[in-house]
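Trainee: Take this structure, written in C-alpha cells, and hold onto it; I'll ask about it next.
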Number of protein chains: 2
Amino acid sequence: MNLILIEPSLSLSEGRYALTERQQSHINHVIKATSGDILRVGLLGGNLGEGVFQTASADLPAHIHSLQLTQTPPKALPIVLVMALPRPNMLKRTLHNITAMGVKELYLIHSAKVEKSYWQSPVLQPESIHQTLLEGLEQAKDTIIPNYTMVPRFRPFVEDQLPDILRGKLGLLAHPYQAKACPIDLQEPCVLALGPEGGWNEFEVTKWLEAGMSSVHLGDRILKVETVVPVLLSRLYPA
Amino acid sequence: MNLILIEPSLSLSEGRYALTERQQSHINHVIKATSGDILRVGLLGGNLGEGVFQTASADLPAHIHSLQLTQTPPKALPIVLVMALPRPNMLKRTLHNITAMGVKELYLIHSAKVEKSYWQSPVLQPESIHQTLLEGLEQAKDTIIPNYTMVPRFRPFVEDQLPDILRGKLGLLAHPYQAKACPIDLQEPCVLALGPEGGWNEFEVTKWLEAGMSSVHLGDRILKVETVVPVLLSRLYPA
C-alpha cells in the first residue's frame with residue numbers, strides 16, 4: 001500500500017475521513033503510526049498530500065483529518081483500451097496493472113475466442129473489480145479511478161459505439177498479420193484493441209478494420225497477456 | 001508452448017532428436033499430431049523452422065527428425081540486466097518475462113534489502129532456473145538461452161567485475177532520486193541495474209555512481225517489479 005486512498009463516501013464530520021479495515025491494518029502493522037502522526041494520503045477523485053492520523057476512540061472510528069492536498073495525481077494515459085475479457089485468473093492482475101499504468105477508459109469486450117463462462121466469474125462482480133482498481137491506484141500513487149464498461153456483445157459495440165469513441169483518435173488493432181510495427185512514443189490519443197489469447201477471428205478483424213482501426217504488431221516475440229499490456233502501453237506512451 | 005524447443009543433448013542417431021515428456025504431452029493433447037505431421041520447432045542455440053514428428057516405437061522414443069531450420073531467432077536486446085534477487089515467488093515469473101523479452105545477459109545480485117533467506121530458495125536450483133528459461137524461450141519463439149550469474153556479494157561485483165561489464169555501454173541505475181528520465185529508444189547497448197522492492201541503500205547507490213552508472217527514473221507512478229521490468233525494457237528498446 002503505497003498510498004492511503006481516502007474515500008469521500010467515508011466522510012465523517014468536519015474534514016475527517018474514516019479508514020477502511022485494510023488501511024487500519026496497514027497503518028497499525030506496517031507503518032506503525034500513532035495518533036498525531038502525519039501520513040501520505042490521496043483523496044479518491046482529488047489530489048494527494050498529507051493528513052493526520054487518529055486512532056479509534058469511544059466517539060469516532062480510526063480516521064484521517066486536517067488534510068493538506070497540494071499534489072496533483074500523475075498524468076493519465078491518453079488511451080481508450082478495449083480488451084477482450086481475460087480469463088478469470090488473469091483478470092485481477094491485468095486490471096491492477098492497467099490501473100497502475102494510468103489507463104482511465106477501459107472496455108472489456110466479448111470475442112469469439114473468449115469462453116462464455118468467463119463472463120459468469122465472480123471476479124467480475126462490481127465490488128471485486130472496484131477493489132482491484134483501488135489497489136492499482138494505491139500501488140501507483142494515483143487517485144483517479146478508471147471508468148470501465150462491460151461489453152458482452154462484440155458486434156453492436158463495434159458498429160454502434162466505436163465510431164464515437166474513435167473520433168479524433170488513432171485506432172490501433174493489436175493483430176499480428178498484415179500489420180505495421182506499433183508506433184513508439186505516440187503524440188496523440190488512441191484507441192487500442194487487444195484480442196484474446198487465441199487472437200481476434202476473421203469476422204472481428206474485418207469489423208475492426210471497417211471501423212477505421214489499423215493493425216499493429218509488436219515484433220517477432222509472442223508475449224503473455226500480462227506482459228504485452230505493460231509493453232504496449234510503455235511503447236505507445238513512454239513518458 | 002508456442003515452440004517445440006529441441007535440445008541438442010537429446011540427439012539420437014541420424015538427425016533425430018528425442019522429445020521431453022512435456023513436449024510429448026503437448027503434442028499429443030494440444031496439437032494432437034500423429035507420425036509424419038510437420039511441427040514448428042527450434043533448435044536450442046540454433047535456428048527455427050520445421051521438423052517431422054514420429055511417435056514412440058519399439059526401437060525409438062518419440063522424436064522429431066528431418067529438421068529444416070531456415071529462420072533465425074528474434075533479435076536479442078543489447079542489454080546486460082543486473083537485478084537484485086527477487087523474492088522467491090516472483091523469481092520464476094520475472095525470469096520467464098526477462099527471457100521472453102530477449103535479455104541474454106543477467107546477473108542476480110544481493111542487496112541490503114534482499115533477505116538472506118531468498119538465496120536458499122529451491123527456485124534457485126539450476127534445474128529449476130533452466131526449466132524457467134526454456135519456458136520463456138518457448139513462449140517467445142526464441143532459441144538462444146540467456147546466460148545468468150548468481151552474485152551473492154554486492155561489493156566485489158561492483159568493484160571488480162562491473163568496470164569490464166560496463167565498458168562501451170551506457171550504465172543506467174533504476175533509482176528514483178536525483179534521477180533523469182529513463183531514455184526512450186536507446187540506440188546503444190546498456191547495463192541496467194534494478195534494485196530490490198525497498199530500493200538500493202545509500203552505500204549501494206554510491207558504489208553504482210562511482211562505477212559510472214547514472215540514475216534514471218520512470219516517472220511518478222510506482223509499478224510492481226513484474227510490471228517495471230517489461231516497461232523498462234520496452235522503453236529502452238521498443239523495436
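Starting from 1 in every chain, residues are counted up; chains themselves are A, B, ... following the order of the C-alpha cells, and ligands are numbered from 1 as listed.
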Any idea what's packed within 8 Å of Ile38 (chain B), counting only C-alpha atoms, ignoring anything in its chain fewer than 5 positions away? Could you give it as a list of chain:residue names?
Mentor: B:Glu50, B:Gly51, B:Val52, B:Phe53
Trainee: Taking only C-alpha atoms into account and nothing else, which residues of chain A lie no more than 9 Å away from chain B? Please answer as a PyMOL selection string.
Mentor: chain A and resi 2+73-75+97+100-102+139-142+181-182+184-185+218-224+226-228+230-235+238-239
Trainee: Residues near Ile31 (chain A), anyone? I mean within 12 Å using only C-alpha atoms, not counting same-chain ones fewer than 2 positions away, as a list in words.
Mentor: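 So the residues in contact are Met1, Asn2, Leu3, Ile4, Gln23, Gln24, Ser25, His26, Ile27, Asn28, His29, Ala33, Thr34, Asp37, Ile38, Leu39, Arg40 and Phe53 of chain A.
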Trainee: Would you return as number ranges by chain the members of region 33-121 of chain B that DSSP assigns to alpha helix (DSSP H) on this structure's backbone?
Mentor: B: 88-101
Trainee: For the strand (DSSP E) assignment from backbone DSSP, which residues of region 37-181 of chain B qualify? Please present them as an MDAnalysis selection string.
Mentor: chainID B and resid 38:43 48:54 63:71 79:84 105:109 147:151 170:174 180:181
Trainee: Write the selection just made, keeping N, CA and C atoms, as a short mmCIF file (atom, residue, chain, number, x, y, z; two decimals), in the first residue's frame?
Mentor:
```cif
data_model
loop_
_atom_site.label_atom_id
_atom_site.label_comp_id
_atom_site.auth_asym_id
_atom_site.auth_seq_id
_atom_site.Cartn_x
_atom_site.Cartn_y
_atom_site.Cartn_z
N ILE B 38 4.09 -32.39 -39.69
CA ILE B 38 5.16 -31.39 -39.63
C ILE B 38 4.85 -30.42 -38.49
N LEU B 39 5.83 -30.21 -37.62
CA LEU B 39 5.65 -29.31 -36.48
C LEU B 39 6.64 -28.16 -36.55
N ARG B 40 6.25 -27.03 -35.93
CA ARG B 40 7.15 -25.88 -35.84
C ARG B 40 8.10 -26.13 -34.67
N VAL B 41 9.39 -26.11 -34.99
CA VAL B 41 10.39 -26.42 -33.98
C VAL B 41 11.50 -25.39 -34.02
N GLY B 42 12.31 -25.40 -32.97
CA GLY B 42 13.52 -24.59 -32.94
C GLY B 42 14.60 -25.40 -32.27
N LEU B 43 15.82 -25.24 -32.70
CA LEU B 43 16.94 -25.94 -32.08
C LEU B 43 17.57 -25.02 -31.04
N LEU B 48 15.20 -21.67 -36.19
CA LEU B 48 13.83 -22.19 -36.10
C LEU B 48 13.39 -22.68 -37.47
N GLY B 49 12.34 -23.49 -37.48
CA GLY B 49 11.83 -23.98 -38.77
C GLY B 49 10.84 -25.10 -38.51
N GLU B 50 11.02 -26.21 -39.26
CA GLU B 50 10.07 -27.31 -39.16
C GLU B 50 10.80 -28.63 -38.96
N GLY B 51 10.03 -29.58 -38.43
CA GLY B 51 10.56 -30.93 -38.30
C GLY B 51 9.41 -31.90 -38.40
N VAL B 52 9.73 -33.17 -38.59
CA VAL B 52 8.69 -34.19 -38.73
C VAL B 52 8.59 -34.99 -37.44
N PHE B 53 7.37 -35.17 -36.96
CA PHE B 53 7.12 -35.88 -35.70
C PHE B 53 6.99 -37.38 -35.94
N GLN B 54 7.55 -38.14 -35.01
CA GLN B 54 7.41 -39.60 -35.06
C GLN B 54 7.07 -40.10 -33.65
N HIS B 63 10.11 -38.76 -31.23
CA HIS B 63 11.17 -37.83 -31.61
C HIS B 63 10.78 -36.99 -32.82
N ILE B 64 11.63 -36.03 -33.13
CA ILE B 64 11.50 -35.17 -34.31
C ILE B 64 12.67 -35.50 -35.24
N HIS B 65 12.43 -35.52 -36.52
CA HIS B 65 13.51 -35.75 -37.49
C HIS B 65 13.31 -34.86 -38.71
N SER B 66 14.27 -34.91 -39.63
CA SER B 66 14.21 -34.15 -40.89
C SER B 66 14.01 -32.66 -40.64
N LEU B 67 14.85 -32.13 -39.77
CA LEU B 67 14.71 -30.71 -39.43
C LEU B 67 15.09 -29.81 -40.61
N GLN B 68 14.27 -28.81 -40.87
CA GLN B 68 14.58 -27.76 -41.84
C GLN B 68 14.54 -26.45 -41.07
N LEU B 69 15.71 -25.92 -40.73
CA LEU B 69 15.76 -24.76 -39.83
C LEU B 69 16.28 -23.55 -40.58
N THR B 70 15.38 -22.77 -41.13
CA THR B 70 15.76 -21.67 -42.02
C THR B 70 15.55 -20.29 -41.41
N GLN B 71 14.90 -20.23 -40.26
CA GLN B 71 14.56 -18.92 -39.68
C GLN B 71 15.46 -18.61 -38.50
N ILE B 79 21.32 -5.55 -23.91
CA ILE B 79 21.28 -5.11 -22.51
C ILE B 79 21.91 -6.16 -21.62
N VAL B 80 22.65 -5.70 -20.61
CA VAL B 80 23.07 -6.55 -19.51
C VAL B 80 22.19 -6.15 -18.31
N LEU B 81 21.39 -7.08 -17.83
CA LEU B 81 20.48 -6.77 -16.72
C LEU B 81 21.08 -7.26 -15.41
N VAL B 82 21.29 -6.33 -14.49
CA VAL B 82 21.79 -6.67 -13.17
C VAL B 82 20.65 -6.39 -12.20
N MET B 83 20.11 -7.44 -11.61
CA MET B 83 18.86 -7.31 -10.88
C MET B 83 19.02 -7.85 -9.47
N ALA B 84 18.61 -7.06 -8.48
CA ALA B 84 18.61 -7.57 -7.11
C ALA B 84 17.71 -8.80 -7.06
N GLU B 105 21.85 -11.55 -21.07
CA GLU B 105 22.87 -11.48 -20.03
C GLU B 105 22.23 -10.98 -18.75
N LEU B 106 22.26 -11.81 -17.72
CA LEU B 106 21.56 -11.50 -16.47
C LEU B 106 22.45 -11.80 -15.28
N TYR B 107 22.54 -10.84 -14.34
CA TYR B 107 23.19 -11.06 -13.07
C TYR B 107 22.14 -10.90 -11.98
N LEU B 108 22.04 -11.88 -11.08
CA LEU B 108 21.13 -11.78 -9.92
C LEU B 108 21.99 -11.49 -8.71
N ILE B 109 21.81 -10.29 -8.16
CA ILE B 109 22.77 -9.76 -7.20
C ILE B 109 22.16 -9.54 -5.83
N ASN B 147 22.39 -16.24 -20.57
CA ASN B 147 23.38 -16.56 -19.53
C ASN B 147 22.96 -15.87 -18.25
N TYR B 148 23.09 -16.57 -17.13
CA TYR B 148 22.81 -15.89 -15.87
C TYR B 148 23.90 -16.23 -14.87
N THR B 149 24.18 -15.27 -13.99
CA THR B 149 25.21 -15.44 -12.97
C THR B 149 24.63 -15.02 -11.63
N MET B 150 24.85 -15.86 -10.62
CA MET B 150 24.47 -15.51 -9.24
C MET B 150 25.56 -14.66 -8.63
N VAL B 151 25.18 -13.57 -8.01
CA VAL B 151 26.17 -12.68 -7.38
C VAL B 151 25.75 -12.46 -5.92
N LEU B 170 26.28 2.15 -21.95
CA LEU B 170 25.68 3.16 -21.07
C LEU B 170 25.25 2.48 -19.78
N GLY B 171 25.57 3.04 -18.64
CA GLY B 171 25.21 2.43 -17.36
C GLY B 171 24.01 3.13 -16.75
N LEU B 172 22.91 2.42 -16.55
CA LEU B 172 21.69 3.02 -16.02
C LEU B 172 21.31 2.35 -14.70
N LEU B 173 21.14 3.18 -13.69
CA LEU B 173 20.74 2.71 -12.38
C LEU B 173 19.29 3.12 -12.15
N ALA B 174 18.41 2.14 -12.07
CA ALA B 174 17.00 2.47 -11.80
C ALA B 174 16.90 2.87 -10.33
N LYS B 180 17.46 11.39 -13.84
CA LYS B 180 16.85 11.88 -15.08
C LYS B 180 15.84 10.84 -15.55
N ALA B 181 15.00 11.25 -16.48
CA ALA B 181 14.03 10.30 -17.05
C ALA B 181 14.78 9.21 -17.82
#
```
Trainee: List as a ChimeraX atom specification the protein and nucleic acid residues near Leu12 (chain A), meaning an atom at most 12 Å away when only C-alpha atoms are counted, but skip any in the same chain fewer than 2 places from it.
Mentor: /A:6-10,14-19,59-65
